[in-house]
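Novice: What follows is query.pdb; its format and atoms are PDB, C-alpha atoms and all ligand atoms.
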ATOM      1  CA  MET T 154      27.773  -7.980 -19.004
ATOM      2  CA  ALA T 155      24.000  -8.253 -19.184
ATOM      3  CA  GLN T 156      22.062  -6.990 -16.195
ATOM      4  CA  ALA T 157      20.193  -9.491 -14.065
ATOM      5  CA  LEU T 158      16.409  -9.539 -14.351
ATOM      6  CA  CYS T 159      14.429  -8.390 -11.334
ATOM      7  CA  ASP T 160      11.956 -11.006 -10.061
ATOM      8  CA  GLY T 161       9.592  -8.224  -9.061
ATOM      9  CA  CYS T 162       9.200  -6.245 -12.274
ATOM     10  CA  GLY T 163      10.836  -8.648 -14.698
ATOM     11  CA  LEU T 164      13.097  -5.940 -16.084
ATOM     12  CA  PRO T 165      16.886  -5.778 -16.306
ATOM     13  CA  ALA T 166      17.882  -4.135 -13.060
ATOM     14  CA  SER T 167      20.858  -2.809 -11.152
ATOM     15  CA  PRO T 168      22.119  -4.690  -8.066
ATOM     16  CA  GLU T 169      20.757  -1.790  -5.957
ATOM     17  CA  HIS T 170      17.278  -2.193  -7.445
ATOM     18  CA  ILE T 171      17.298  -5.920  -6.679
ATOM     19  CA  ALA T 172      18.701  -5.435  -3.162
ATOM     20  CA  LEU T 173      16.035  -2.829  -2.355
ATOM     21  CA  ARG T 174      13.256  -5.135  -3.498
ATOM     22  CA  ILE T 175      14.541  -7.887  -1.209
ATOM     23  CA  ARG T 176      14.789  -5.449   1.677
ATOM     24  CA  ARG T 177      11.168  -4.364   1.125
ATOM     25  CA  ILE T 178      10.017  -7.986   1.090
ATOM     26  CA  GLU T 179      11.878  -8.644   4.352
ATOM     27  CA  LEU T 180      10.302  -5.625   6.037
ATOM     28  CA  ALA T 181       6.783  -6.429   4.838
ATOM     29  CA  THR T 182       7.138 -10.086   5.844
ATOM     30  CA  ARG T 183       8.138  -9.064   9.333
ATOM     31  CA  PHE T 184       4.875  -7.184   9.819
ATOM     32  CA  ARG T 185       2.563  -9.466   7.875
ATOM     33  CA  PRO T 186      -0.350 -10.887   9.873
ATOM     34  CA  ILE T 187      -1.060 -14.618   9.563
ATOM     35  CA  HIS T 188      -4.679 -13.946   8.648
ATOM     36  CA  ILE T 189      -5.250 -10.777   6.698
ATOM     37  CA  ASN T 190      -8.397  -9.002   7.750
ATOM     38  CA  ALA T 191      -7.918  -6.025   5.466
ATOM     39  CA  LEU T 192      -5.528  -5.675   2.585
ATOM     40  CA  PHE T 193      -4.656  -2.094   1.708
ATOM     41  CA  LEU T 194      -3.499  -1.932  -1.875
ATOM     42  CA  ALA T 195      -1.297   0.924  -2.979
ATOM     43  CA  GLU T 196       0.086   1.428  -6.450
ATOM     44  CA  ALA T 197       3.835   0.970  -6.099
ATOM     45  CA  PRO T 198       6.549   1.349  -3.482
ATOM     46  CA  PRO T 199       8.445   4.635  -3.233
ATOM     47  CA  GLU T 200      12.011   4.819  -4.485
ATOM     48  CA  ARG T 201      13.675   5.428  -1.108
ATOM     49  CA  LEU T 202      13.623   2.601   1.417
ATOM     50  CA  GLU T 203      13.042   5.156   4.193
ATOM     51  CA  ASP T 204       9.753   6.031   2.521
ATOM     52  CA  TYR T 205       8.505   2.455   2.346
ATOM     53  CA  PHE T 206       5.417   1.890   4.473
ATOM     54  CA  TYR T 207       7.007  -0.932   6.477
ATOM     55  CA  TYR T 208      10.261   0.891   7.111
ATOM     56  CA  PRO T 209      10.383   1.101  10.919
ATOM     57  CA  ALA T 210      11.597   4.686  11.069
ATOM     58  CA  ARG T 211      12.992   5.690  14.443
ATOM     59  CA  ASN T 212      11.623   9.139  13.807
ATOM     60  CA  ARG T 213       8.781   9.834  11.413
ATOM     61  CA  ALA T 214      10.698  12.836  10.107
ATOM     62  CA  GLU T 215      12.972  10.317   8.343
ATOM     63  CA  ARG T 216      10.117   9.743   5.935
ATOM     64  CA  GLY T 217       9.576  12.055   3.001
ATOM     65  CA  ARG T 218       6.399  14.173   2.947
ATOM     66  CA  LEU T 219       4.270  11.774   0.886
ATOM     67  CA  SER T 220       5.295   8.742   2.875
ATOM     68  CA  ARG T 221       4.679  10.564   6.144
ATOM     69  CA  ALA T 222       1.252  11.735   4.957
ATOM     70  CA  LEU T 223       0.081   8.249   4.020
ATOM     71  CA  PHE T 224       1.501   6.634   7.164
ATOM     72  CA  SER T 225       0.062   9.222   9.541
ATOM     73  CA  GLU T 226      -3.341   9.453   7.844
ATOM     74  CA  LEU T 227      -3.741   5.695   7.759
ATOM     75  CA  MET T 228      -2.768   5.202  11.403
ATOM     76  CA  THR T 229      -4.964   8.083  12.528
ATOM     77  CA  GLY T 230      -7.927   6.887  10.469
ATOM     78  CA  LEU T 231      -7.609   3.379  11.889
ATOM     79  CA  GLN T 232      -7.253   4.872  15.379
ATOM     80  CA  ILE T 233      -3.906   3.259  15.911
ATOM     81  CA  ALA T 234      -2.045   5.162  18.560
ATOM     82  CA  ALA T 235       1.342   4.502  20.090
ATOM     83  CA  ALA T 236       4.068   6.425  21.794
ATOM     84  CA  GLU T 237       5.643   8.285  18.897
ATOM     85  CA  VAL T 238       8.900   8.678  20.785
ATOM     86  CA  GLU T 239       9.561   5.029  20.019
ATOM     87  CA  GLY T 240       9.315   5.620  16.288
ATOM     88  CA  ASP T 241       7.049   3.924  13.760
ATOM     89  CA  GLU T 242       7.638   0.330  14.825
ATOM     90  CA  PRO T 243       4.895   0.154  17.519
ATOM     91  CA  PHE T 244       2.428   1.557  14.963
ATOM     92  CA  LEU T 245       3.387  -1.134  12.468
ATOM     93  CA  ALA T 246       3.126  -3.813  15.162
ATOM     94  CA  GLU T 247      -0.393  -2.701  16.077
ATOM     95  CA  PHE T 248      -1.348  -2.464  12.384
ATOM     96  CA  GLN T 249      -0.256  -6.104  12.085
ATOM     97  CA  ARG T 250      -2.010  -7.149  15.297
ATOM     98  CA  ARG T 251      -5.318  -5.916  13.917
ATOM     99  CA  GLY T 252      -4.887  -8.010  10.805
ATOM    100  CA  PHE T 253      -4.052  -5.153   8.474
ATOM    101  CA  PHE T 254      -1.565  -5.527   5.669
ATOM    102  CA  LEU T 255      -0.420  -3.047   3.074
ATOM    103  CA  SER T 256       0.838  -4.192  -0.268
ATOM    104  CA  ASP T 257       1.713  -2.552  -3.534
ATOM    105  CA  CYS T 258       0.265  -3.644  -6.860
ATOM    106  CA  LEU T 259       3.683  -3.269  -8.419
ATOM    107  CA  GLU T 260       6.627  -4.690  -6.532
ATOM    108  CA  CYS T 261       9.061  -2.057  -7.761
ATOM    109  CA  PRO T 262       8.944   1.752  -7.909
ATOM    110  CA  VAL T 263       6.998   3.045 -10.891
ATOM    111  CA  ALA T 264       9.817   5.370 -11.924
ATOM    112  CA  ASP T 265      12.078   2.338 -12.393
ATOM    113  CA  ILE T 266       9.474   0.483 -14.439
ATOM    114  CA  VAL T 267       8.100   3.274 -16.580
ATOM    115  CA  PRO T 268      10.577   6.151 -16.717
ATOM    116  CA  GLY T 269       8.719   9.422 -17.032
ATOM    117  CA  LEU T 270       5.444   8.149 -15.605
ATOM    118  CA  ARG T 271       5.437  10.717 -12.822
ATOM    119  CA  GLU T 272       6.033  13.535 -15.276
ATOM    120  CA  GLY T 273       3.244  12.885 -17.691
ATOM    121  CA  ALA T 274       0.885  10.516 -19.440
ATOM    122  CA  ALA T 275       0.130   9.055 -16.031
ATOM    123  CA  LYS T 276      -3.439   8.228 -16.904
ATOM    124  CA  ALA T 277      -2.701   6.065 -19.894
ATOM    125  CA  ASN T 278       0.254   4.467 -18.209
ATOM    126  CA  SER T 279      -1.424   3.450 -14.986
ATOM    127  CA  HIS T 280      -4.166   1.901 -17.100
ATOM    128  CA  GLU T 281      -1.534   0.028 -19.061
ATOM    129  CA  LEU T 282       0.192  -1.050 -15.844
ATOM    130  CA  ALA T 283      -3.063  -2.465 -14.506
ATOM    131  CA  HIS T 284      -3.335  -4.533 -17.666
ATOM    132  CA  ARG T 285       0.225  -5.713 -17.432
ATOM    133  CA  TYR T 286       0.232  -6.527 -13.746
ATOM    134  CA  GLY T 287      -3.448  -7.072 -12.933
ATOM    135  CA  ALA T 288      -3.275 -10.841 -13.321
ATOM    136  CA  ILE T 289      -0.227 -11.058 -11.040
ATOM    137  CA  ILE T 290      -1.885  -8.998  -8.313
ATOM    138  CA  LEU T 291      -5.027 -11.075  -8.548
ATOM    139  CA  LYS T 292      -3.011 -14.268  -8.160
ATOM    140  CA  ARG T 293      -1.242 -12.867  -5.084
ATOM    141  CA  ILE T 294      -4.613 -11.951  -3.581
ATOM    142  CA  GLU T 295      -6.175 -15.322  -4.303
ATOM    143  CA  LEU T 296      -3.288 -17.606  -3.414
ATOM    144  CA  SER T 297      -1.402 -15.712  -0.761
ATOM    145  CA  TYR T 298      -3.208 -12.839   0.935
ATOM    146  CA  LYS T 299      -6.794 -14.206   0.958
ATOM    147  CA  PRO T 300      -8.019 -11.039   2.691
ATOM    148  CA  LYS T 301     -11.429 -10.580   4.245
ATOM    149  CA  HIS T 302     -11.534  -7.039   2.894
ATOM    150  CA  ILE T 303      -9.680  -5.058   0.250
ATOM    151  CA  VAL T 304      -9.219  -1.286   0.389
ATOM    152  CA  LEU T 305      -7.696   0.540  -2.578
ATOM    153  CA  LEU T 306      -5.337   3.360  -1.683
ATOM    154  CA  SER T 307      -4.920   5.927  -4.447
ATOM    155  CA  THR T 308      -7.090   6.493  -7.484
ATOM    156  CA  ARG T 309      -4.309   5.067  -9.616
ATOM    157  CA  THR T 310      -5.515   1.620  -8.568
ATOM    158  CA  ARG T 311      -9.046   2.207  -9.902
ATOM    159  CA  HIS T 312      -8.417   0.026 -12.949
ATOM    160  CA  LEU T 313      -8.327  -2.925 -10.588
ATOM    161  CA  ILE T 314     -11.979  -2.473  -9.632
ATOM    162  CA  PRO T 315     -13.524  -4.251 -12.662
ATOM    163  CA  LEU T 316     -10.787  -6.870 -12.511
ATOM    164  CA  LEU T 317     -11.484  -7.682  -8.857
ATOM    165  CA  GLN T 318     -15.228  -7.643  -9.442
ATOM    166  CA  ARG T 319     -15.006 -10.066 -12.358
ATOM    167  CA  ALA T 320     -12.895 -12.387 -10.212
ATOM    168  CA  GLY T 321     -15.567 -12.457  -7.505
ATOM    169  CA  TRP T 322     -13.920 -10.093  -5.012
ATOM    170  CA  GLY T 323     -16.523  -7.352  -5.390
ATOM    171  CA  GLY T 324     -18.196  -8.185  -2.077
ATOM    172  CA  ARG T 325     -14.941  -7.796  -0.187
ATOM    173  CA  LEU T 326     -13.855  -4.647  -1.940
ATOM    174  CA  LEU T 327     -14.511  -1.634   0.273
ATOM    175  CA  LEU T 328     -14.848   1.419  -1.955
ATOM    176  CA  TYR T 329     -15.984   4.897  -1.054
ATOM    177  CA  HIS T 330     -18.759   6.142  -3.347
ATOM    178  CA  GLY T 331     -17.584   3.535  -5.830
ATOM    179  CA  LEU T 332     -14.008   4.797  -5.848
ATOM    180  CA  PRO T 333     -10.653   4.006  -4.255
ATOM    181  CA  LEU T 334      -9.492   6.329  -1.501
ATOM    182  CA  HIS T 335      -7.542   9.296  -2.827
ATOM    183  CA  PHE T 336      -3.905   9.362  -1.843
ATOM    184  CA  PRO T 337      -3.842  11.890   1.043
ATOM    185  CA  HIS T 338      -1.412  14.198  -0.695
ATOM    186  CA  PRO T 339      -0.210  16.901   1.715
ATOM    187  CA  ASP T 340      -0.656  19.591  -0.972
ATOM    188  CA  ASN T 341      -4.169  18.510  -1.879
ATOM    189  CA  PRO T 342      -6.700  19.283   0.876
ATOM    190  CA  GLY T 343      -9.530  17.825  -1.233
ATOM    191  CA  ALA T 344      -7.779  14.488  -1.552
ATOM    192  CA  GLN T 345      -6.958  14.503   2.145
ATOM    193  CA  ALA T 346     -10.577  15.207   3.048
ATOM    194  CA  GLN T 347     -11.811  12.413   0.754
ATOM    195  CA  PHE T 348      -9.269  10.021   2.256
ATOM    196  CA  ARG T 349     -10.296  10.828   5.831
ATOM    197  CA  ALA T 350     -14.036  10.696   5.170
ATOM    198  CA  GLY T 351     -13.686   7.526   3.112
ATOM    199  CA  LEU T 352     -11.517   5.687   5.585
ATOM    200  CA  SER T 353     -13.759   6.660   8.471
ATOM    201  CA  GLU T 354     -16.823   5.404   6.584
ATOM    202  CA  ILE T 355     -15.051   2.160   5.648
ATOM    203  CA  VAL T 356     -13.897   1.524   9.230
ATOM    204  CA  THR T 357     -17.491   1.909  10.405
ATOM    205  CA  ARG T 358     -18.947  -0.209   7.597
ATOM    206  CA  ALA T 359     -16.456  -3.020   8.122
ATOM    207  CA  ALA T 360     -16.874  -2.796  11.910
ATOM    208  CA  TRP T 361     -13.150  -3.150  12.483
ATOM    209  CA  PRO T 362     -12.085  -2.988  16.082
ATOM    210  CA  THR T 363     -10.629   0.426  16.742
ATOM    211  CA  ARG T 364      -9.282  -0.141  20.201
ATOM    212  CA  THR T 365      -6.510  -2.230  21.580
ATOM    213  CA  THR T 366      -8.046  -4.879  23.783
TER     214      THR T 366
HETATM  215 ZN    ZN T 401      12.111  -4.667 -10.082
END
Could you write out this file's structure as structure tokens?
Specialist:
Amino acid sequence: MAQALCDGCGLPASPEHIALRIRRIELATRFRPIHINALFLAEAPPERLEDYFYYPARNRAERGRLSRALFSELMTGLQIAAAEVEGDEPFLAEFQRRGFFLSDCLECPVADIVPGLREGAAKANSHELAHRYGAIILKRIELSYKPKHIVLLSTRTRHLIPLLQRAGWGGRLLLYHGLPLHFPHPDNPGAQAQFRAGLSEIVTRAAWPTRTT
């Protein structure tokens, strides 16, 4: 029997792949603000649901290292604080309340779309992915998200910069020294430092409220 096509990546996919995509959409929808002040664009969702940004982990230790690094760095940089004993949900609720939304350029994990991407040839492939999916992302931004600001998370999204600029989003795109923020990889202190400095500078430039009122 032929496999069903996934509506997210358009590829033949297992029932698990399709079910996970729906679960991610449900979680993101739950925490989506009505008006998006800032859209944080990451490359692609992680493979495990527990690592998805909008997964309301009861304990942050449920997240893998990369997921935990991004979540914690983003919340800290945006000065979102909550009682951590209650898990990640109050952080996500406050993230939503401030008009922040995080979305992935690709709806499905990269490893499912381009097997081997993580292992090598990442540069060429992420460029190719931007070409393949750039128009879809742009449409989602223009028709659905309509954000006041766009922040690119991870240098893998840099190919979107000229695309967004050509489409007239350059003024709303908050870059740091002309670049996306580096993914704050826990094993890469340089990337972490760039992420922290960049996010702090962007928060100041955009004059986002940093306190709960
Ligand atoms: Zn898919």
Novice: Could you tell me how far CA of Gly161 (chain T) lies from CA of Thr310 (chain T), in Å and to one decimal?
Specialist: 18.0 Å
Novice: Could you list, as number ranges by chain, all protein and nucleic acid residues with an atom at most 7 Å from ligand ZN 401 (chain T), counting all atoms listed in the file?
Specialist: T: 159-164, 166, 170-171, 174, 260-261
Novice: Mind giving me the straight-line distance from CA of Leu245 (chain T) to CA of Glu354 (chain T) in Å, one decimal?
Specialist: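 Separation between CA of Leu245 (chain T) and CA of Glu354 (chain T): 22.0 Å.
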Novice: With the file shown as input, list the residues that the PyMOL selection byres (((chain T and resi 251) around 9) and not hetatm) selects, as a ChimeraX atom specification.
Specialist: /T:186,189-191,246-250,252-253,361-363,365
Novice: Step by step, work through what the PyMOL selection byres (((chain T and resi 311) around 12) and not hetatm) selects in the shown file, and finish by giving those residues as number ranges by chain.
Specialist: T: 194-196, 258, 276, 279-280, 282-284, 287, 304-310, 312-318, 326, 328-329, 331-336
Novice: Any idea what's packed within 6 Å of region 206-216 of chain T, counting all atoms listed in the file, ignoring anything in its chain fewer than 3 positions away? Could you give it as an MDAnalysis selection string?
Specialist: chainID T and resid 180:181 203 220:221 240:242
Novice: Just give me the gap between CA of Arg285 (chain T) and CA of Leu259 (chain T) in Å, one decimal is fine.
Specialist: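 Between these atoms lies a distance of 10.0 Å.
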Novice: Can you sort out the box for region 290-296 of chain T, edges along x, y and z, all listed atoms in, 5 Å on every side, with centre and edge lengths in Å to one decimal, as AutoDock Vina command-line options?
Specialist:
--center_x -3.7 --center_y -13.3 --center_z -6.0 --size_x 14.9 --size_y 18.6 --size_z 15.1
Novice: Find the residue from T:Glu169, T:Glu239, T:Glu295, T:Asp340 that sits nearest to Arg201 (chain T); use all atoms listed in the file when measuring.
Specialist: T:Glu169
Novice: Name the residues that the PyMOL selection byres (((chain T and resi 225-227) around 9) and not hetatm) pulls out of this structure, and write them as a PyMOL selection string.
Specialist: chain T and resi 213+220-224+228-233+337+345+348-349+352
Novice: Find, counting only C-alpha atoms, the residue in T:Asp204, T:Tyr298, T:Ala264, T:Ala288 that gets nearest to His188 (chain T).
Specialist: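 Comparing T:Asp204, T:Tyr298, T:Ala264, T:Ala288 against His188 (chain T), the winner is T:Tyr298.
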